[in-house]
Each structure stands twice: as C-alpha cells, then as structure tokens.
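Asks: This is the content of data33.csv (CSV, C-alpha atoms and all ligand atoms):
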```
chain,number,residue,atom,x,y,z
A,803,MET,CA,0.0,0.0,0.0
A,804,ILE,CA,1.2,3.5,-0.8
A,805,PRO,CA,1.5,5.5,2.4
A,806,PRO,CA,-1.1,8.3,2.6
A,807,GLU,CA,1.6,10.9,3.3
A,808,LEU,CA,3.3,9.9,-0.1
A,809,VAL,CA,0.0,10.3,-1.9
A,810,ILE,CA,-0.5,13.8,-0.4
A,811,LEU,CA,3.1,14.9,-1.3
A,812,ARG,CA,2.8,13.6,-4.9
A,813,GLU,CA,-0.5,15.5,-5.3
A,814,LEU,CA,0.9,18.7,-3.8
A,815,LEU,CA,4.1,18.5,-5.8
A,816,GLU,CA,2.3,17.9,-9.0
A,817,HIS,CA,0.2,21.0,-8.6
A,818,GLU,CA,2.9,23.3,-7.1
A,819,PRO,CA,2.6,26.3,-6.6
A,820,ALA,CA,-1.2,26.0,-6.9
A,821,PHE,CA,-3.4,24.8,-4.0
A,822,VAL,CA,-4.9,21.4,-3.9
A,823,SER,CA,-8.3,21.2,-2.2
A,824,GLY,CA,-8.9,19.0,0.8
A,825,ASN,CA,-11.7,17.3,-1.1
A,826,VAL,CA,-9.4,16.2,-3.8
A,827,LEU,CA,-6.9,14.8,-1.3
A,828,ALA,CA,-9.7,13.1,0.6
A,829,GLY,CA,-11.0,11.6,-2.7
A,830,LYS,CA,-7.5,10.3,-3.7
A,831,LEU,CA,-7.0,8.8,-0.3
A,832,GLY,CA,-10.5,7.4,0.1
A,833,MET,CA,-10.8,9.0,3.6
A,834,SER,CA,-12.4,12.0,5.3
A,835,ARG,CA,-10.9,15.5,5.3
A,836,VAL,CA,-10.2,15.0,9.0
A,837,GLY,CA,-8.2,11.9,8.1
A,838,VAL,CA,-6.2,14.0,5.5
A,839,TRP,CA,-5.5,16.6,8.2
A,840,MET,CA,-4.2,13.9,10.5
A,841,HIS,CA,-1.7,12.6,7.8
A,842,MET,CA,-0.7,16.2,7.1
A,843,GLY,CA,0.1,16.5,10.8
A,844,LYS,CA,2.6,13.6,10.4
A,845,LEU,CA,4.3,15.5,7.6
A,846,ARG,CA,4.4,18.6,9.7
A,847,ASP,CA,6.3,16.6,12.3
A,848,GLN,CA,8.9,15.9,9.6
A,849,GLY,CA,9.5,19.5,8.8
A,850,PHE,CA,6.9,20.2,6.1
A,851,GLU,CA,4.9,23.4,6.5
A,852,PHE,CA,1.6,23.9,4.7
A,853,GLU,CA,-0.5,27.0,3.9
A,854,ALA,CA,-4.2,26.3,4.2
A,855,VAL,CA,-6.7,28.7,2.6
A,856,ARG,CA,-10.4,28.2,3.0
A,857,SER,CA,-12.1,27.2,-0.3
A,858,ARG,CA,-8.7,26.8,-2.1
A,859,GLY,CA,-7.0,24.0,-0.1
A,860,TYR,CA,-3.4,23.4,0.8
A,861,ARG,CA,0.1,24.0,-0.6
A,862,VAL,CA,3.5,23.5,0.8
A,863,VAL,CA,5.4,26.6,2.0
A,864,ARG,CA,8.4,24.9,3.5
A,865,TRP,CA,10.1,21.6,2.5
A,866,PRO,CA,12.5,19.7,4.8
A,867,ALA,CA,16.1,20.6,3.9
A,868,SER,CA,17.5,17.3,5.2
A,869,LEU,CA,17.2,14.0,3.5
A,870,ASN,CA,13.5,12.9,3.7
A,871,PRO,CA,12.7,9.4,2.3
A,872,LEU,CA,9.0,10.3,1.6
A,873,LEU,CA,10.0,13.4,-0.3
A,874,VAL,CA,12.7,11.6,-2.3
A,875,GLN,CA,10.1,9.0,-3.2
A,876,ALA,CA,7.5,11.7,-4.1
A,877,HIS,CA,10.0,13.3,-6.5
A,878,LEU,CA,10.7,10.0,-8.3
A,879,LYS,CA,9.2,9.7,-11.8
A,880,PRO,CA,8.0,6.4,-13.4
A,881,PRO,CA,9.6,3.9,-13.9
A,882,THR,CA,11.5,4.3,-10.7
A,883,ARG,CA,8.4,5.3,-8.7
A,884,GLN,CA,8.1,2.0,-6.9
A,885,LEU,CA,11.8,1.6,-6.2
A,886,ASP,CA,12.7,0.1,-2.8
A,887,ILE,CA,14.5,2.8,-0.8
A,888,LEU,CA,16.0,2.2,2.6
A,889,CYS,CA,16.9,5.5,4.3
A,890,LEU,CA,18.7,5.5,7.6
A,891,PRO,CA,19.6,8.3,9.9
A,892,GLU,CA,23.0,6.7,10.5
A,893,VAL,CA,24.9,3.6,9.3
A,894,ASP,CA,28.5,2.4,9.2
A,895,SER,CA,28.7,2.5,5.4
A,896,THR,CA,25.8,2.3,2.9
A,897,ASN,CA,27.8,-0.2,0.9
A,898,ASP,CA,28.2,-2.4,3.9
A,899,GLU,CA,24.5,-2.1,4.7
A,900,ALA,CA,23.7,-3.0,1.1
A,901,GLU,CA,25.7,-6.2,1.6
A,902,ARG,CA,23.8,-7.0,4.8
A,903,GLN,CA,20.5,-6.4,3.1
A,904,LEU,CA,21.5,-8.7,0.2
A,905,ALA,CA,22.6,-11.4,2.7
A,906,SER,CA,19.2,-11.2,4.4
A,907,GLY,CA,17.4,-11.7,1.1
A,908,ARG,CA,16.3,-8.2,0.1
A,909,ALA,CA,15.2,-8.2,-3.6
A,910,THR,CA,17.1,-6.1,-6.0
A,911,PRO,CA,17.2,-3.4,-7.2
A,912,PHE,CA,17.2,-1.3,-4.1
A,913,VAL,CA,18.9,1.8,-2.8
A,914,VAL,CA,20.4,2.5,0.6
A,915,LEU,CA,20.6,6.2,1.7
A,916,ALA,CA,22.0,7.5,5.0
A,917,ARG,CA,22.2,11.0,6.5
A,918,ARG,CA,25.5,10.1,8.1
A,919,GLN,CA,28.1,7.3,7.9
A,920,THR,CA,30.3,6.3,10.8
A,921,LEU,CA,32.7,4.2,8.6
A,922,GLY,CA,32.3,5.7,5.1
A,923,ARG,CA,34.8,4.1,2.8
A,924,GLY,CA,36.6,5.3,-0.3
A,925,ARG,CA,38.8,3.5,-2.9
A,926,LEU,CA,42.0,1.9,-1.7
A,927,GLY,CA,40.6,1.6,1.9
A,928,ARG,CA,40.5,5.4,2.4
A,929,VAL,CA,38.1,7.1,4.8
A,930,TRP,CA,35.2,8.9,3.3
A,931,HIS,CA,34.3,11.8,5.7
A,932,SER,CA,30.5,11.4,6.1
A,933,ALA,CA,29.0,13.8,8.7
A,934,ASP,CA,25.3,14.6,8.8
A,935,ASN,CA,25.6,18.0,7.1
A,936,GLY,CA,23.6,17.9,3.9
A,937,ASN,CA,25.8,15.7,1.8
A,938,LEU,CA,24.7,12.5,0.0
A,939,TYR,CA,25.8,8.9,0.9
A,940,MET,CA,24.0,6.3,-1.2
A,941,SER,CA,24.4,2.8,-2.5
A,942,PHE,CA,22.6,1.2,-5.4
A,943,VAL,CA,22.2,-2.6,-5.4
A,944,PHE,CA,21.8,-4.8,-8.5
A,945,ARG,CA,22.1,-8.4,-9.6
A,946,PRO,CA,23.4,-8.0,-13.1
A,947,HIS,CA,24.3,-11.7,-14.1
A,948,LEU,CA,27.1,-10.5,-16.4
A,949,GLU,CA,30.5,-11.8,-17.0
A,950,PRO,CA,33.0,-9.9,-14.7
A,951,GLY,CA,34.9,-8.7,-17.8
A,952,ARG,CA,31.9,-6.7,-19.0
A,953,MET,CA,31.9,-4.7,-15.8
A,954,GLN,CA,35.2,-2.8,-16.3
A,955,PRO,CA,33.7,0.4,-17.7
A,956,PHE,CA,30.8,0.4,-15.3
A,957,THR,CA,32.0,3.0,-12.8
A,958,LEU,CA,33.2,5.2,-15.7
A,959,TRP,CA,29.9,5.1,-17.4
A,960,MET,CA,28.1,5.9,-14.2
A,961,GLY,CA,30.5,8.8,-13.5
A,962,ALA,CA,29.9,10.3,-16.9
A,963,ASN,CA,26.2,10.0,-16.5
A,964,LEU,CA,26.4,11.6,-13.0
A,965,CYS,CA,28.5,14.5,-14.5
A,966,GLU,CA,25.8,15.1,-17.1
A,967,LEU,CA,23.1,15.0,-14.5
A,968,VAL,CA,25.0,17.5,-12.2
A,969,ALA,CA,25.6,19.7,-15.2
A,970,ASN,CA,21.9,19.8,-16.1
A,971,PHE,CA,20.7,20.1,-12.5
A,972,CYS,CA,23.2,22.7,-11.3
A,973,HIS,CA,24.1,24.5,-14.5
A,974,LEU,CA,27.8,23.9,-14.1
A,975,GLU,CA,30.4,21.7,-15.8
A,976,PRO,CA,31.9,19.1,-13.5
A,977,GLY,CA,34.6,16.7,-14.6
A,978,ILE,CA,35.6,13.2,-14.0
A,979,LYS,CA,39.1,12.0,-13.0
A,980,TRP,CA,39.6,8.4,-14.1
A,981,PRO,CA,38.5,6.2,-12.6
A,982,ASN,CA,36.1,7.3,-9.9
A,983,ASP,CA,36.4,11.0,-8.8
A,984,LEU,CA,34.0,13.8,-9.6
A,985,TYR,CA,35.6,17.3,-9.6
A,986,PHE,CA,34.8,20.9,-10.2
A,987,GLU,CA,37.5,23.5,-10.8
A,988,GLY,CA,40.3,21.3,-9.3
A,989,ARG,CA,38.4,20.4,-6.2
A,990,LYS,CA,36.8,17.1,-5.4
A,991,LEU,CA,33.0,17.0,-5.5
A,992,GLY,CA,32.4,13.3,-5.0
A,993,GLY,CA,33.5,9.8,-5.4
A,994,MET,CA,32.2,6.4,-6.5
A,995,LEU,CA,33.0,3.0,-5.0
A,996,THR,CA,31.8,0.0,-7.0
A,997,GLU,CA,32.0,-3.4,-5.3
A,998,ALA,CA,31.0,-6.7,-6.7
A,999,ARG,CA,30.6,-10.4,-5.7
A,1000,ILE,CA,31.4,-12.9,-8.3
A,1001,ASP,CA,29.8,-16.4,-8.5
A,1002,SER,CA,30.9,-19.0,-10.9
A,1003,ASP,CA,32.1,-16.5,-13.6
A,1004,GLN,CA,29.1,-14.2,-13.2
A,1005,ILE,CA,28.6,-11.0,-11.2
A,1006,ARG,CA,26.2,-12.0,-8.6
A,1007,ASP,CA,25.8,-8.8,-6.6
A,1008,LEU,CA,26.8,-5.3,-7.6
A,1009,VAL,CA,26.9,-2.4,-5.1
A,1010,PHE,CA,27.5,1.1,-6.6
A,1011,GLY,CA,28.3,3.6,-3.8
A,1012,LEU,CA,28.2,7.3,-4.4
A,1013,GLY,CA,29.3,10.1,-2.0
A,1014,LEU,CA,28.5,13.6,-3.2
A,1015,ASN,CA,29.3,16.9,-1.4
A,1016,VAL,CA,26.1,18.8,-1.7
A,1017,ASN,CA,25.2,21.3,1.0
A,1018,SER,CA,27.7,20.9,3.8
A,1019,PRO,CA,29.5,24.2,4.8
A,1020,LEU,CA,33.1,23.8,3.7
A,1021,ALA,CA,34.2,25.0,7.1
A,1022,ALA,CA,32.5,21.9,8.6
A,1023,LEU,CA,35.0,19.6,6.8
A,1024,PRO,CA,38.3,18.7,8.4
A,1025,ALA,CA,40.9,21.3,7.3
A,1026,GLU,CA,42.9,19.0,5.1
A,1027,LEU,CA,39.7,18.0,3.2
A,1028,ALA,CA,38.4,21.5,3.0
A,1029,ARG,CA,41.5,22.5,0.9
A,1030,GLN,CA,40.9,19.8,-1.7
A,1031,ALA,CA,37.1,19.4,-1.7
A,1032,THR,CA,34.1,21.5,-2.8
A,1033,THR,CA,30.4,21.2,-2.6
A,1034,LEU,CA,27.6,21.8,-5.1
A,1035,ALA,CA,26.3,24.6,-2.9
A,1036,ASP,CA,29.7,26.2,-2.9
A,1037,CYS,CA,30.1,25.8,-6.7
A,1038,THR,CA,26.6,27.3,-7.5
A,1039,GLY,CA,26.5,29.8,-4.7
A,1040,HIS,CA,23.2,28.5,-3.2
A,1041,PRO,CA,22.0,25.5,-1.3
A,1042,LEU,CA,20.6,22.7,-3.4
A,1043,ASP,CA,17.3,20.9,-3.0
A,1044,LEU,CA,18.8,17.7,-1.6
A,1045,ASN,CA,15.6,15.6,-1.9
A,1046,ARG,CA,14.9,16.6,-5.5
A,1047,LEU,CA,18.6,16.0,-6.4
A,1048,THR,CA,18.6,12.6,-4.7
A,1049,ALA,CA,15.5,11.6,-6.7
A,1050,ALA,CA,17.1,12.9,-10.0
A,1051,ILE,CA,20.3,10.9,-9.2
A,1052,ILE,CA,18.3,7.7,-8.5
A,1053,GLY,CA,16.4,8.1,-11.8
A,1054,ARG,CA,19.6,8.7,-13.8
A,1055,VAL,CA,21.6,5.8,-12.1
A,1056,LEU,CA,18.8,3.4,-12.8
A,1057,SER,CA,18.4,4.3,-16.4
A,1058,ALA,CA,22.2,4.3,-16.9
A,1059,TYR,CA,22.3,0.8,-15.3
A,1060,GLU,CA,19.6,-0.5,-17.7
A,1061,ARG,CA,21.5,0.9,-20.7
A,1062,PHE,CA,24.7,-0.7,-19.5
A,1063,ILE,CA,23.2,-4.1,-19.0
A,1064,GLU,CA,21.5,-4.0,-22.4
A,1065,ASP,CA,24.9,-3.0,-23.9
A,1066,GLY,CA,23.2,0.0,-25.4
A,1067,TYR,CA,25.6,2.4,-23.7
A,1068,ARG,CA,28.4,2.1,-26.2
A,1069,ASP,CA,26.8,4.5,-28.7
A,1070,THR,CA,27.1,7.4,-26.4
A,1071,PHE,CA,29.8,6.5,-23.9
A,1072,ALA,CA,32.8,7.9,-25.8
A,1073,ASP,CA,31.1,11.3,-26.4
A,1074,LEU,CA,29.9,11.5,-22.8
A,1075,TRP,CA,33.3,10.5,-21.4
A,1076,ASN,CA,35.2,12.9,-23.6
A,1077,ARG,CA,33.0,15.8,-22.6
A,1078,PHE,CA,33.8,15.3,-18.9
A,1079,ASP,CA,37.2,13.7,-19.0
A,1080,LEU,CA,39.6,15.9,-16.9
A,1081,LEU,CA,42.8,14.1,-17.9
A,1082,ARG,CA,42.8,14.0,-21.7
A,1083,GLY,CA,45.8,15.7,-23.2
A,1084,ARG,CA,47.3,16.5,-19.8
A,1085,PRO,CA,50.5,15.3,-18.2
A,1086,VAL,CA,49.8,12.6,-15.6
A,1087,THR,CA,51.5,10.2,-13.3
A,1088,LEU,CA,49.9,6.8,-12.7
A,1089,VAL,CA,51.0,4.8,-9.6
A,1090,GLN,CA,50.4,1.1,-9.7
A,1091,GLY,CA,51.9,-0.5,-6.6
A,1092,SER,CA,55.6,0.3,-6.8
A,1093,ARG,CA,55.3,1.3,-10.5
A,1094,ARG,CA,55.2,4.9,-11.6
A,1095,ILE,CA,54.2,5.8,-15.2
A,1096,THR,CA,54.4,9.3,-16.5
A,1097,GLY,CA,53.1,10.6,-19.8
A,1098,VAL,CA,50.2,12.4,-21.4
A,1099,ALA,CA,46.7,11.0,-20.8
A,1100,GLY,CA,44.9,10.1,-24.1
A,1101,GLY,CA,41.4,9.2,-23.0
A,1102,ILE,CA,40.1,5.7,-22.5
A,1103,ASP,CA,39.7,2.6,-24.7
A,1104,ASP,CA,36.4,0.7,-25.2
A,1105,GLU,CA,37.0,-1.3,-22.0
A,1106,GLY,CA,37.5,1.8,-19.9
A,1107,SER,CA,41.3,1.4,-19.6
A,1108,LEU,CA,43.3,4.7,-19.3
A,1109,LEU,CA,45.6,5.4,-22.2
A,1110,ILE,CA,48.9,7.1,-21.4
A,1111,ARG,CA,51.4,8.2,-24.1
A,1112,GLY,CA,54.9,7.9,-22.8
A,1113,GLU,CA,58.0,9.5,-24.3
A,1114,ASN,CA,58.0,7.1,-27.2
A,1115,GLY,CA,54.6,8.4,-28.2
A,1116,ARG,CA,53.0,5.0,-28.1
A,1117,PRO,CA,49.8,4.7,-25.8
A,1118,GLN,CA,49.9,2.1,-23.1
A,1119,ARG,CA,46.7,0.9,-21.4
A,1120,PHE,CA,46.1,0.7,-17.7
A,1121,HIS,CA,43.0,-0.7,-16.0
A,1122,ALA,CA,43.9,0.2,-12.5
A,1123,GLY,CA,46.0,2.7,-10.5
A,1124,GLU,CA,46.0,6.1,-8.9
A,1125,VAL,CA,46.4,9.1,-11.2
A,1126,THR,CA,47.8,12.5,-10.4
A,1127,LEU,CA,47.7,15.5,-12.7
A,1128,GLU,CA,51.1,17.1,-13.2
A,1129,LYS,CA,51.6,20.8,-13.9
A,1130,SER,CA,51.8,21.4,-17.7
A,1201,LIG,C1,36.4,7.5,-3.4
A,1201,LIG,O1,36.5,8.7,-3.8
A,1201,LIG,O2,37.4,6.9,-3.1
A,1201,LIG,C2,35.0,6.8,-3.4
A,1201,LIG,C3,34.2,7.4,-2.3
A,1201,LIG,C4,32.8,6.6,-2.1
A,1201,LIG,C5,32.0,7.1,-0.9
A,1201,LIG,C6,30.7,6.5,-1.0
A,1201,LIG,S1,29.6,7.2,0.2
A,1201,LIG,C7,28.4,6.0,0.0
A,1201,LIG,C8,29.1,4.7,-0.2
A,1201,LIG,N1,29.4,4.1,1.1
A,1201,LIG,C9,30.7,4.1,1.4
A,1201,LIG,O3,31.2,3.7,2.5
A,1201,LIG,N2,31.4,4.6,0.4
A,1201,LIG,C10,30.5,5.0,-0.7
```
If you took the structure in this file and wrote it as structure tokens, what would it be?
Ligand code: BTN

Replies:
Amino acid sequence: MIPPELVILRELLEHEPAFVSGNVLAGKLGMSRVGVWMHMGKLRDQGFEFEAVRSRGYRVVRWPASLNPLLVQAHLKPPTRQLDILCLPEVDSTNDEAERQLASGRATPFVVLARRQTLGRGRLGRVWHSADNGNLYMSFVFRPHLEPGRMQPFTLWMGANLCELVANFCHLEPGIKWPNDLYFEGRKLGGMLTEARIDSDQIRDLVFGLGLNVNSPLAALPAELARQATTLADCTGHPLDLNRLTAAIIGRVLSAYERFIEDGYRDTFADLWNRFDLLRGRPVTLVQGSRRITGVAGGIDDEGSLLIRGENGRPQRFHAGEVTLEKS
C-alpha cells in the first residue's frame, strides 16, 4: 500500500505552486478530510509546512532541507516510482548495509541512503568523511548476471552520467578524473565505489556507492579535506534541494544501469566521457603499486582502460591505478 503521506506529497508536488483542495486529497485517499488533516500532521512533524486557505485548499510553503525518504520517493518519476529505498539516519557504510540487506534476502534493485556514515569508505581503503551535514551517501544494489569482464567500464559510465546530471541540475560543468572521482575546478565534489561479488564466472551482486558533497559548509569539513574538496552549494553559490537532487540521481543511475546491462551504452559512452574527462591531453603520473608511469593522458579505450602516451609516443593501457595530474 502506498503511504497516505506519499499520496499527499505527490499531489501537492504535481500542482505546485497551486493549491490542492482538501476534497481532492480526501478523494485520492478514500478518507475523510479529518483523516487527511491527520496525515498532514505527520508530515508537519517531519519539517513540512503547509499553507491552508479556505475554499482553495493546501500547498507546501516549507520543505524539509535534510534527507527525507518520503519526499525523495515523491519526486521519483516512473519507472523508478516504486523503487525500494532504505533511508537510515546513521549507518557504518551504505555499501556495507547494502551487503547485509542482500545477505538477508532483500530483492534487487534497491537503494540505501544515509544521512551520516560512521565508517564511510573510499577507494583503496581510504576514509570517506560522512558527517550529517547535507551531503549524500548512497548505494545502489543490483544483480546483473554479467561476466565480470563486462563490468570494467561500469564506474566510468556511471561517472559520466552523473556528471551530465549534475551539469543539467546545477548548470555547471563538473569533470571526472579516471576512474572514480568527480571534480569541479580542481576540487573534489564526490567519489564512487563499486563493489561486486562474483559467483561461478558471473557477477552476482553489484553495489554502486556514491558520496556527493552537496550542501555541507566547507568550514565543517576537516581542514585537510576543505582545501581539496568542494560542494555543489559552494560551486553554485546557493544550497541545493537535496531531496529533489537525490531523486534525480536515482532516476539517472537506474536508467544508466539499464543501458549498461543491455549493452546500449556504447553508442554514447565515448562522447559523454570525452565531454567530462579531466585528464585527456594533460601530463599525468599513474601509480600502480611500486610502478610509476608518467606521460600524457589520451582518454580511455572501449573497455575503460586509461591510455597514457609515454616519451616514445605509443599509448599504453592501464585498467587500475591512482592518477595525479602534473603541472603542464
Ligand atoms: C572515493 O572517492 O574513493 C570513493 C568514495 C565513495 C564514498 C561512498 S559514500 C556512499 C558509499 N558508502 C561508502 O562507504 N562509500 C561509498
């Protein structure tokens, strides 16, 4: 059953900024206007504020600024409307919670959101600072049944899609640093962490984690991070609607996943990647264990491997490693 609060929010959102009459809401819910009023009270407790005008009805005058699962769900458009979303006030890591949910039999796809992580993880075992301060911590969970070899470009494809979504949503041009970092003007905006379980030559479970700096004040970040990081609010000069952004990301990740699985992504991948690629044509150093490779980045190949042209001018391919940009 769809929760009555969700029905109310969908109706109010659809007609915003117009009023929706109490009779219409009561009709949608199959209950009395007193019943509607009671459910609106539950929304008020979550930070929604309504304006009620006799003979016109209701509209929302204040939306909760922090992550609100009902509001995220209300913003979702078909076909993701019925998506299973788990939203927690606090968790160790949304990727770890995703694994636990999978182990206890939760059906895929589903999304785990948290307002705060106590053990947020980045690539190479790094800590992902995850305070409850208006940023996004989310994990998408799928069962793709694909050969592991097909998965190599997955994070890159997702990153390019997320860049395009952020570009459209915020009217700014972010960039992606191979293989998993989102940047704006030299500062880190977010990161992706894809983890998979493989079962007899097939990917069984796939967890795609995304951490995105949205509304946190930069001053709230540890000093070391604040020097290298940025937030969407800082880049645009105004706070973002976190719940609407979350729903837009969910919609985009799910459609990008479908295109990846159907193998339809190859038509647009190169163009999308080239638009947002931060490394192409720039001097880089790649560190792979004790190996250091220097050269000029030359984009990626079809499999998502990074191409680096060394002094001999021939491109070499790398499918893993840590890249730093050198001064040109
Ligand atoms: C990186 O830049 O190294 C990747 C950072 C990924 C962070 C996200 S936050 C949500 C999900 N849960 C985690 O513990 N990590 C990812």

Asks: Would you list the residues that come within 9 Å of ligand LIG 1201 (chain A)? Count all atoms listed in the file and give the answer as a PDB file with C-alpha atoms, keeping the file's coordinate frame.

Replies:
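Output below, filename out-v5.pdb:
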```
ATOM      1  CA  ASP A 894      28.500   2.400   9.200  1.00  0.00           C
ATOM      2  CA  SER A 895      28.700   2.500   5.400  1.00  0.00           C
ATOM      3  CA  THR A 896      25.800   2.300   2.900  1.00  0.00           C
ATOM      4  CA  ASN A 897      27.800  -0.200   0.900  1.00  0.00           C
ATOM      5  CA  ASP A 898      28.200  -2.400   3.900  1.00  0.00           C
ATOM      6  CA  GLU A 899      24.500  -2.100   4.700  1.00  0.00           C
ATOM      7  CA  VAL A 914      20.400   2.500   0.600  1.00  0.00           C
ATOM      8  CA  LEU A 915      20.600   6.200   1.700  1.00  0.00           C
ATOM      9  CA  ALA A 916      22.000   7.500   5.000  1.00  0.00           C
ATOM     10  CA  GLN A 919      28.100   7.300   7.900  1.00  0.00           C
ATOM     11  CA  THR A 920      30.300   6.300  10.800  1.00  0.00           C
ATOM     12  CA  LEU A 921      32.700   4.200   8.600  1.00  0.00           C
ATOM     13  CA  GLY A 922      32.300   5.700   5.100  1.00  0.00           C
ATOM     14  CA  ARG A 923      34.800   4.100   2.800  1.00  0.00           C
ATOM     15  CA  GLY A 924      36.600   5.300  -0.300  1.00  0.00           C
ATOM     16  CA  ARG A 925      38.800   3.500  -2.900  1.00  0.00           C
ATOM     17  CA  LEU A 926      42.000   1.900  -1.700  1.00  0.00           C
ATOM     18  CA  GLY A 927      40.600   1.600   1.900  1.00  0.00           C
ATOM     19  CA  ARG A 928      40.500   5.400   2.400  1.00  0.00           C
ATOM     20  CA  VAL A 929      38.100   7.100   4.800  1.00  0.00           C
ATOM     21  CA  TRP A 930      35.200   8.900   3.300  1.00  0.00           C
ATOM     22  CA  HIS A 931      34.300  11.800   5.700  1.00  0.00           C
ATOM     23  CA  SER A 932      30.500  11.400   6.100  1.00  0.00           C
ATOM     24  CA  LEU A 938      24.700  12.500   0.000  1.00  0.00           C
ATOM     25  CA  TYR A 939      25.800   8.900   0.900  1.00  0.00           C
ATOM     26  CA  MET A 940      24.000   6.300  -1.200  1.00  0.00           C
ATOM     27  CA  SER A 941      24.400   2.800  -2.500  1.00  0.00           C
ATOM     28  CA  ASN A 982      36.100   7.300  -9.900  1.00  0.00           C
ATOM     29  CA  ASP A 983      36.400  11.000  -8.800  1.00  0.00           C
ATOM     30  CA  LEU A 984      34.000  13.800  -9.600  1.00  0.00           C
ATOM     31  CA  LYS A 990      36.800  17.100  -5.400  1.00  0.00           C
ATOM     32  CA  GLY A 992      32.400  13.300  -5.000  1.00  0.00           C
ATOM     33  CA  GLY A 993      33.500   9.800  -5.400  1.00  0.00           C
ATOM     34  CA  MET A 994      32.200   6.400  -6.500  1.00  0.00           C
ATOM     35  CA  LEU A 995      33.000   3.000  -5.000  1.00  0.00           C
ATOM     36  CA  THR A 996      31.800   0.000  -7.000  1.00  0.00           C
ATOM     37  CA  VAL A1009      26.900  -2.400  -5.100  1.00  0.00           C
ATOM     38  CA  PHE A1010      27.500   1.100  -6.600  1.00  0.00           C
ATOM     39  CA  GLY A1011      28.300   3.600  -3.800  1.00  0.00           C
ATOM     40  CA  LEU A1012      28.200   7.300  -4.400  1.00  0.00           C
ATOM     41  CA  GLY A1013      29.300  10.100  -2.000  1.00  0.00           C
ATOM     42  CA  LEU A1014      28.500  13.600  -3.200  1.00  0.00           C
TER      43      LEU A1014
END
```

Asks: Using only C-alpha atoms, collect all residues at a distance of at most 10 Å from (41.3, 20.4, -1.5) as written in the file, then present them as number ranges by chain.

Replies: A: 988-991, 1025-1032

Asks: Considering all atoms listed in the file, can you say which of A:Phe942, A:Phe986, A:Phe971, A:Phe852 comes closest to A:Thr1033?

Replies: A:Phe986

Asks: Quick one: pull the distance between atom CA of A:Glu966 and atom CA of A:Leu1074, Å, one decimal.

Replies: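 Result for atom CA of A:Glu966 versus atom CA of A:Leu1074: 7.9 Å, one decimal.
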
Asks: Taking all atoms listed in the file into account, name the residue in A:Lys979, A:Lys879, A:Arg1068, A:Arg858 that is nearest to A:Arg952.

Replies: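 Ranked by minimum distance to A:Arg952, first place goes to A:Arg1068.
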
Asks: Pick the closest to A:Met842 from A:Pro871, A:Pro805, A:Pro1041, A:Gly961: which is it, counting only C-alpha atoms?

Replies: A:Pro805

Asks: May I ask which of the residues A:Ser1057, A:Thr957, A:Gln875, A:Asn1045 is the closest one to A:Trp980, counting only C-alpha atoms?

Replies: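 Looking at the shortest contact to A:Trp980, the residue is A:Thr957.
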
Asks: Figure out the distance between atom CA of A:Arg1006 and atom CA of A:Glu1060, please, to one decimal in Å.

Replies: 16.1 Å

Asks: Check the smallest atom-to-atom distance from each of A:Glu987, A:Glu1113, A:Glu1128, A:Glu949 to A:Arg1084 using all atoms listed in the file, then report the winner.

Replies: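 Checking each of A:Glu987, A:Glu1113, A:Glu1128, A:Glu949 against A:Arg1084, counting all atoms listed in the file, the winner is A:Glu1128.
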
Asks: So the first atom is atom CA of A:Asp1043 and the second is atom CA of A:Arg1061; what is the distance between them in Å, to one decimal place?

Replies: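 Value for the atom CA of A:Asp1043-atom CA of A:Arg1061 distance: 27.0 Å.
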
Asks: Of the residues A:Leu1081, A:Ala820, A:Cys889, A:Leu873, which is the one nearest to A:Ile978, using only C-alpha atoms?

Replies: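 Smallest distance to A:Ile978 is found for A:Leu1081.
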
Asks: Counting all atoms listed in the file, which residues in stretch 957-981 of chain A sit no more than 9 Å from stretch 1085-1109 of chain A? For each one, give the nearest pair of atoms and the distance in Å, sorted by chain then residue number, as a Markdown table.

Replies:
```
| residue | atom | partner | partner_atom | distance |
| --- | --- | --- | --- | --- |
| A:Leu958 | CA | A:Gly1106 | CA | 6.9 |
| A:Trp959 | CA | A:Gly1106 | CA | 8.7 |
| A:Trp980 | CA | A:Leu1108 | CA | 7.4 |
| A:Pro981 | CA | A:Leu1108 | CA | 8.4 |
```

Asks: What's around A:Gly832 at 12 Å? Count only C-alpha atoms, leave out sequence neighbours fewer than 5 positions away in its own chain, and write the answer as a list of chain:residue names.

Replies: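 Near neighbours after the sequence-gap exclusion: A:Pro806, A:Val809, A:Ile810, A:Gly824, A:Asn825, A:Val826, A:Leu827, A:Gly837, A:Val838.
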
Asks: When you look at A:Ile1005 with a cut-off of 7 Å (counting only C-alpha atoms), what residues show up, excluding the ones that are within fewer than 3 positions of it in the same chain? I need them as a list in words.

Replies: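 What passes the distance filter is Pro946, His947, Leu948, Glu949, Pro950, Ala998, Arg999, Ile1000, Asp1001 and Leu1008 of chain A.
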
Asks: Can you rebuild stretch 897-905 of chain A with N, CA, C and O atoms and give it as a short mmCIF file (atom, residue, chain, number, x, y, z; two decimals), keeping the file's coordinate frame?

Replies:
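Final output, result_25.cif:
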```cif
data_model
loop_
_atom_site.label_atom_id
_atom_site.label_comp_id
_atom_site.auth_asym_id
_atom_site.auth_seq_id
_atom_site.Cartn_x
_atom_site.Cartn_y
_atom_site.Cartn_z
N ASN A 897 27.44 1.03 1.62
CA ASN A 897 27.80 -0.20 0.90
C ASN A 897 27.79 -1.41 1.75
O ASN A 897 27.36 -2.48 1.31
N ASP A 898 28.20 -1.26 3.02
CA ASP A 898 28.20 -2.40 3.90
C ASP A 898 26.71 -2.79 4.25
O ASP A 898 26.36 -3.97 4.34
N GLU A 899 25.87 -1.78 4.45
CA GLU A 899 24.50 -2.10 4.70
C GLU A 899 23.82 -2.76 3.53
O GLU A 899 23.02 -3.68 3.69
N ALA A 900 24.21 -2.34 2.33
CA ALA A 900 23.70 -3.00 1.10
C ALA A 900 24.04 -4.47 1.13
O ALA A 900 23.18 -5.32 0.85
N GLU A 901 25.28 -4.78 1.50
CA GLU A 901 25.70 -6.20 1.60
C GLU A 901 24.86 -6.96 2.60
O GLU A 901 24.46 -8.10 2.35
N ARG A 902 24.63 -6.34 3.74
CA ARG A 902 23.80 -7.00 4.80
C ARG A 902 22.42 -7.26 4.30
O ARG A 902 21.83 -8.32 4.53
N GLN A 903 21.84 -6.26 3.63
CA GLN A 903 20.50 -6.40 3.10
C GLN A 903 20.41 -7.52 2.09
O GLN A 903 19.46 -8.29 2.07
N LEU A 904 21.43 -7.58 1.24
CA LEU A 904 21.50 -8.70 0.20
C LEU A 904 21.54 -10.01 0.93
O LEU A 904 20.83 -10.94 0.56
N ALA A 905 22.41 -10.08 1.95
CA ALA A 905 22.60 -11.40 2.70
C ALA A 905 21.30 -11.78 3.34
O ALA A 905 21.02 -12.97 3.48
#
```
